[in-house]
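Q: Sharing a structure here in structure tokens format.
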Amino acid sequence: MTTADTLLTGWGRTAPTRAAVSAPSDVDAVRQVLANAATGRGVLARGLGRSYGDAAQNAGGDILDMTGLAGVHALDIAGATVTVDAGLSLDALLRHLVPLGLFVSVSPGTRYVTVGGAIACDIHGKNHHREGSFARSVLAFDLLTADGEVRTVTADPDSEVFWATAGGMGLTGVILRATLSLLRIETSLISVDTERTTDLDDVMARMDARDDDYRYSVAWIDLLATGAAMGRSVLTRGDHLPIDALGPQERATALRYAPKNLVTAPSFVPPGLLNRLTVRAFNELWFRKAPVAQVGHPESIAAFFHPLDMVTGWNRIYGRAGFLQYQFVVPFGEEQAMRRIVAELVEHQCPSFLAVLKRFGAGNGLLSFPIPGWTLALDIPARMTGLGPLLTRLDERVVEAGGRVYLAKDSRLSPQLLPGMYPELDRWRGIRERLDPQRRFTSDLARRLQLF
Amino acid sequence: MRNAVGDVQTVLVLGGGSDIGVAIARRLVTGGARTVVLAGRRPEGYLAYEQALRAAGAINVHRVAFDADDTDSHPGVVRDVVSLVGDLDVTVVAFGVLGDQSVDEHNPVAAVAVARTNYLGSVSAMTVLGQQLRKQGHGALVVLSSVAGERVRRSNFVYGSTKAGVDGFATGLADALHGSGARVLVVRPGFVVSKMTAGMDKAPLSTTPEAVADVVVKGLAGSATVVWAPAPLRLVMSVLRHVPRPLFRRLPV
């Protein structure tokens, strides 16, 4: 197996570092890389590189490109479970599942993530308020640990290894295979209700009142609107469309699934394309284009869950300097903290056209991000002046409110604030240390946040 | 590690008594760096610098012994620093002596002493740090060159020639490290009002250690490979570089 020295970044294209990347095609090859890893620099598994920051980078060490391990091993249609290799993308998995009337229990905002990455980041989707994070749908996984052994770990509530690995950012070992419980669907359409809301209080009140009636809920929020329109949003909620909502002719193709990538972002984009003016114009258009109120509009899975996947390489539109994503959660009861943070973002006029607001349900896992509360995620060009100090101030507000930022998206948090955000950090450290006393697994994120 | 907004965590200054080196460290601490190592000939004399860095927000400040002239010791010093603080995000080669041109140009022992510290010391330190950054797969090496090395002048050619050598080595090392994850930033300041130049007449376009530090930190935040302090010197030197020798010799610079 060959290795290639490669400069890697996350999806935000900031802070590149070099690693020796190898692409194993079987488990023995993974084990071999682990055994031969450079002393002191460690090994890390990487999937499709959709983490925004440095979570899937390992400067000076080894990176296992897991996307070559992408088989589907056992699909139990009657039992609605599937066993797959960790390097399989959700895109490939959905192309298997949807025509059979099955769907992943949790779908993030892009199909281009691997199952291994989804577990390691314990990702969430628009149904978190009802069905929790990705780990909740994992029945078991195989984990290659630092001692070279492969352990099958089941989702036992008392399993320390399971809950240190789900959300453990790849630092407990290499996830090789996973068995997932699936959702049954009757059609490949989503029935979507859309509402425009006048401001932040309005959208939060509507979400509070009726989110639980919907499987899926998310609000797109305009962070450039000021004054009385501050926090104006487009709230979209829905569920899978039942077959009896379709006419007799449509039923034959009810499970048709053929998502397409419509365009590819150009490889060169002038710096500063996304600025306050262009993003304000976009946001205005996006808000106006949404129906004031619409009920039961059928949308495809791709349009509802993965709209950005239609633009291949959309991260390039931020230019060479790249961008970062800031996602945090504050617990229910801390709505005032959310209001103050939104007000501060609006005051600084962060040119963010991808800001979303969502309610989380119960959490799980030791380093897993979701806790019951409100989460806001926004993209910001990395070159924005004053961005570092602004986000540091917001971090402090988030900690004060008992909240946290999302490690899978983080690229700039300071290690001093981490223990306040993740109270189970020390327990996670203890379990990790027992699994990997020589610290063979590491990442740039682990180094930056002093996770060990 | 460097983060997405360009802030770093760990800084090593070789030449821990250098006003410019300390000013760079201080600016990086203001940006979020929490660990600084000041390495130099008189670490016991850097207490005031340590206090200033702590006041600016540094949590760990280490003062360690480093002798630029003792090149055999360089690998060991860097190894010890790495085992003390981990990966080095920014390393600054800031040591150097100005010498005394009027003496040095007639005294081979004195001239070689300047060359030993400035050139040989830097070649050794840059090689050792380059290896460390290559191994890490990330990190920046900031090298204090000088406009004096851009076109060596009659008035300070002993010092100027050493900086010309340092500049050339650093520029070549930058290209050698391309693709390694590590980078080199060559800094070409003009006349800097500091301890090193105490008692000398100010040259035109003179600057301060703080202003040089600002230029360096801005360069590090982007993808610069060479920065000038102050910036207009780049233009001035690109003209001076092409002035014919008979004229250049007579210029009062």
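The way I read the labels, and the way they are meant: chains A, B, ... in the order of the structure tokens, residue 1 as the first residue of every chain, and ligand 1 as the first ligand shown, with later ones counted on from there.
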Please report as a ChimeraX atom specification which residues of chain A come no farther than 9 Å from chain B, using only C-alpha atoms.

A: /A:5-8,12-19,41,53-54,58-61,321-324,382-384,387-389,410-414,444-445,447-449

Q: Quick one: DSSP strand (DSSP E) residues in range 1-180 of chain B, as a PyMOL selection string?

A: chain B and resi 10-14+35-40+60-65+90-93+139-144

Q: Env of range 74-79 of chain B: 12 Å cut, atoms = only C-alpha atoms, seq-sep filter 6 positions within chain, self excluded. Answer as a PyMOL selection string.

A: chain B and resi 12-14+37-40+63-68+85-88+91+120-133

Q: Env of Asp213 in chain A: 12 Å cut, atoms = only C-alpha atoms, seq-sep filter 4 positions within chain, self excluded. Answer as a PDB file with C-alpha atoms, in the first residue's frame.

A:
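Ended up saving to around33.pdb:
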```
ATOM      1  CA  ASN A 127     -35.181  15.150  13.704  1.00  0.00           C
ATOM      2  CA  HIS A 129     -35.727  16.930  18.889  1.00  0.00           C
ATOM      3  CA  ARG A 130     -37.604  13.635  18.527  1.00  0.00           C
ATOM      4  CA  ASP A 193     -44.900  22.806   5.882  1.00  0.00           C
ATOM      5  CA  ARG A 206     -43.540  28.654  16.865  1.00  0.00           C
ATOM      6  CA  MET A 207     -40.860  25.997  17.284  1.00  0.00           C
ATOM      7  CA  ASP A 208     -41.625  25.660  20.981  1.00  0.00           C
ATOM      8  CA  ALA A 209     -45.314  25.305  20.315  1.00  0.00           C
ATOM      9  CA  SER A 217     -37.883  20.751  11.858  1.00  0.00           C
ATOM     10  CA  ARG A 237     -41.040  21.204   9.069  1.00  0.00           C
ATOM     11  CA  GLY A 238     -42.214  17.922   7.716  1.00  0.00           C
ATOM     12  CA  ASP A 239     -42.338  14.149   7.631  1.00  0.00           C
TER      13      ASP A 239
END
```

Q: What gap, in Å, lies between CA of Arg95 in chain A and CA of Gly10 in chain A?

A: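 That distance, rounded to one decimal, is 25.6 Å.
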
Q: Within 9 Å of Asp19 in chain B, counting only C-alpha atoms, which residues qualify if same-chain residues fewer than 3 places away don't, as a list in words?

A: Gly16, Val22, Ala23, Ile24, Ala94, Ser194, Lys195, Met196, Pro209 and Glu210 of chain B

Q: Suppose you want the space between CA of Gln57 in chain A and CA of Gln325 in chain A; what is it in Å?

A: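 Computing it gives 16.7 Å between the two atoms.
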
Q: Determine which residues of range 20-253 of chain B receive a DSSP assignment of helix (DSSP H, G or I), computed from the backbone, and state them as a JSON list (two decimals) with C-alpha atoms, in the first residue's frame.

A:
```json
[["chain", "number", "residue", "atom", "x", "y", "z"],
["B", 20, "ILE", "CA", 11.74, 42.47, 18.12],
["B", 21, "GLY", "CA", 11.52, 38.78, 19.09],
["B", 22, "VAL", "CA", 9.74, 39.59, 22.34],
["B", 23, "ALA", "CA", 7.43, 42.09, 20.60],
["B", 24, "ILE", "CA", 6.39, 39.38, 18.11],
["B", 25, "ALA", "CA", 5.73, 36.94, 20.96],
["B", 26, "ARG", "CA", 3.66, 39.55, 22.75],
["B", 27, "ARG", "CA", 1.49, 40.24, 19.71],
["B", 28, "LEU", "CA", 0.92, 36.50, 19.26],
["B", 29, "VAL", "CA", -0.05, 36.20, 22.92],
["B", 30, "THR", "CA", -2.58, 39.00, 22.47],
["B", 43, "PRO", "CA", 17.58, 33.68, 30.36],
["B", 44, "GLU", "CA", 17.93, 34.96, 33.94],
["B", 45, "GLY", "CA", 17.71, 38.48, 32.52],
["B", 46, "TYR", "CA", 14.36, 37.95, 30.77],
["B", 47, "LEU", "CA", 12.16, 38.22, 33.86],
["B", 48, "ALA", "CA", 10.69, 41.53, 32.76],
["B", 49, "TYR", "CA", 9.80, 40.04, 29.37],
["B", 50, "GLU", "CA", 8.20, 37.07, 31.07],
["B", 51, "GLN", "CA", 6.10, 39.37, 33.23],
["B", 52, "ALA", "CA", 5.02, 41.42, 30.22],
["B", 53, "LEU", "CA", 4.02, 38.26, 28.36],
["B", 54, "ARG", "CA", 2.05, 37.00, 31.35],
["B", 55, "ALA", "CA", 0.33, 40.35, 31.67],
["B", 56, "ALA", "CA", -0.66, 40.06, 28.01],
["B", 71, "THR", "CA", 25.83, 25.31, 17.19],
["B", 72, "ASP", "CA", 26.48, 21.78, 18.48],
["B", 73, "SER", "CA", 23.97, 22.45, 21.24],
["B", 74, "HIS", "CA", 21.12, 23.61, 18.97],
["B", 75, "PRO", "CA", 19.49, 20.21, 18.27],
["B", 76, "GLY", "CA", 19.44, 19.43, 22.00],
["B", 77, "VAL", "CA", 17.95, 22.79, 22.95],
["B", 78, "VAL", "CA", 15.13, 22.46, 20.40],
["B", 79, "ARG", "CA", 14.49, 18.85, 21.43],
["B", 80, "ASP", "CA", 14.20, 19.89, 25.08],
["B", 81, "VAL", "CA", 11.86, 22.76, 24.22],
["B", 82, "VAL", "CA", 9.60, 20.42, 22.24],
["B", 83, "SER", "CA", 9.46, 17.93, 25.08],
["B", 84, "LEU", "CA", 8.61, 20.83, 27.39],
["B", 85, "VAL", "CA", 5.82, 22.48, 25.36],
["B", 101, "GLN", "CA", 31.86, 48.21, 11.52],
["B", 102, "SER", "CA", 34.82, 50.54, 12.11],
["B", 103, "VAL", "CA", 36.58, 47.87, 14.19],
["B", 104, "ASP", "CA", 35.30, 44.71, 12.49],
["B", 108, "PRO", "CA", 39.41, 39.41, 11.32],
["B", 109, "VAL", "CA", 38.62, 37.92, 14.73],
["B", 110, "ALA", "CA", 35.88, 40.48, 15.37],
["B", 111, "ALA", "CA", 34.48, 40.16, 11.84],
["B", 112, "VAL", "CA", 34.29, 36.38, 12.12],
["B", 113, "ALA", "CA", 32.60, 36.69, 15.52],
["B", 114, "VAL", "CA", 29.75, 38.68, 13.91],
["B", 115, "ALA", "CA", 29.55, 36.18, 11.05],
["B", 116, "ARG", "CA", 29.58, 33.25, 13.46],
["B", 117, "THR", "CA", 26.66, 34.48, 15.51],
["B", 118, "ASN", "CA", 24.56, 35.96, 12.74],
["B", 119, "TYR", "CA", 25.20, 33.61, 9.85],
["B", 120, "LEU", "CA", 26.48, 30.30, 11.20],
["B", 121, "GLY", "CA", 24.23, 30.47, 14.24],
["B", 122, "SER", "CA", 21.20, 31.18, 12.05],
["B", 123, "VAL", "CA", 22.08, 28.49, 9.52],
["B", 124, "SER", "CA", 22.27, 25.97, 12.33],
["B", 125, "ALA", "CA", 19.10, 27.16, 14.08],
["B", 126, "MET", "CA", 17.10, 27.34, 10.84],
["B", 127, "THR", "CA", 18.20, 23.83, 9.89],
["B", 128, "VAL", "CA", 17.24, 22.40, 13.26],
["B", 129, "LEU", "CA", 13.90, 24.23, 13.36],
["B", 130, "GLY", "CA", 13.19, 23.35, 9.73],
["B", 131, "GLN", "CA", 13.57, 19.68, 10.59],
["B", 132, "GLN", "CA", 11.30, 20.01, 13.59],
["B", 133, "LEU", "CA", 8.56, 21.80, 11.62],
["B", 134, "ARG", "CA", 8.83, 19.27, 8.80],
["B", 135, "LYS", "CA", 8.40, 16.47, 11.31],
["B", 136, "GLN", "CA", 5.39, 18.23, 12.85],
["B", 147, "VAL", "CA", 17.31, 45.56, 4.55],
["B", 148, "ALA", "CA", 21.07, 45.70, 5.28],
["B", 149, "GLY", "CA", 21.31, 42.35, 3.52],
["B", 154, "ARG", "CA", 29.87, 50.26, 2.55],
["B", 155, "SER", "CA", 28.79, 51.60, 5.90],
["B", 156, "ASN", "CA", 27.93, 48.22, 7.50],
["B", 157, "PHE", "CA", 29.06, 45.44, 5.20],
["B", 158, "VAL", "CA", 30.21, 43.07, 7.92],
["B", 159, "TYR", "CA", 26.74, 42.95, 9.49],
["B", 160, "GLY", "CA", 25.01, 43.38, 6.12],
["B", 161, "SER", "CA", 26.80, 40.43, 4.54],
["B", 162, "THR", "CA", 25.73, 38.12, 7.35],
["B", 163, "LYS", "CA", 22.10, 39.20, 6.85],
["B", 164, "ALA", "CA", 22.46, 38.68, 3.09],
["B", 165, "GLY", "CA", 23.52, 35.11, 3.84],
["B", 166, "VAL", "CA", 20.72, 34.56, 6.34],
["B", 167, "ASP", "CA", 18.17, 35.95, 3.89],
["B", 168, "GLY", "CA", 19.37, 33.70, 1.09],
["B", 169, "PHE", "CA", 19.36, 30.62, 3.29],
["B", 170, "ALA", "CA", 15.90, 31.37, 4.66],
["B", 171, "THR", "CA", 14.45, 31.99, 1.19],
["B", 172, "GLY", "CA", 15.86, 28.69, -0.05],
["B", 173, "LEU", "CA", 14.62, 26.86, 3.03],
["B", 174, "ALA", "CA", 11.14, 28.30, 2.41],
["B", 175, "ASP", "CA", 11.11, 26.66, -1.01],
["B", 176, "ALA", "CA", 12.49, 23.42, 0.40],
["B", 195, "LYS", "CA", 18.54, 48.03, 22.36],
["B", 196, "MET", "CA", 20.61, 46.84, 19.41],
["B", 197, "THR", "CA", 20.74, 50.28, 17.81],
["B", 209, "PRO", "CA", 9.96, 46.57, 17.44],
["B", 210, "GLU", "CA", 6.18, 46.81, 17.95],
["B", 211, "ALA", "CA", 5.64, 47.99, 14.37],
["B", 212, "VAL", "CA", 7.82, 45.15, 13.06],
["B", 213, "ALA", "CA", 5.81, 42.70, 15.19],
["B", 214, "ASP", "CA", 2.55, 44.01, 13.71],
["B", 215, "VAL", "CA", 3.87, 43.44, 10.19],
["B", 216, "VAL", "CA", 5.03, 39.92, 11.11],
["B", 217, "VAL", "CA", 1.73, 38.91, 12.69],
["B", 218, "LYS", "CA", -0.19, 40.24, 9.70],
["B", 219, "GLY", "CA", 2.11, 38.28, 7.39],
["B", 220, "LEU", "CA", 1.59, 35.12, 9.42],
["B", 221, "ALA", "CA", -2.18, 35.51, 9.29],
["B", 233, "LEU", "CA", 11.04, 49.94, 2.24],
["B", 234, "ARG", "CA", 10.24, 47.32, -0.33],
["B", 235, "LEU", "CA", 9.90, 50.02, -2.95],
["B", 236, "VAL", "CA", 12.91, 51.98, -1.70],
["B", 237, "MET", "CA", 15.11, 48.90, -1.79],
["B", 238, "SER", "CA", 13.92, 47.81, -5.21],
["B", 239, "VAL", "CA", 15.21, 51.16, -6.48],
["B", 240, "LEU", "CA", 18.43, 51.10, -4.45],
["B", 245, "ARG", "CA", 27.95, 50.98, -7.97],
["B", 246, "PRO", "CA", 29.90, 54.26, -8.38],
["B", 247, "LEU", "CA", 26.83, 56.16, -7.30],
["B", 248, "PHE", "CA", 25.72, 53.68, -4.63],
["B", 249, "ARG", "CA", 29.17, 53.86, -3.02],
["B", 250, "ARG", "CA", 28.73, 57.58, -2.46]]
```
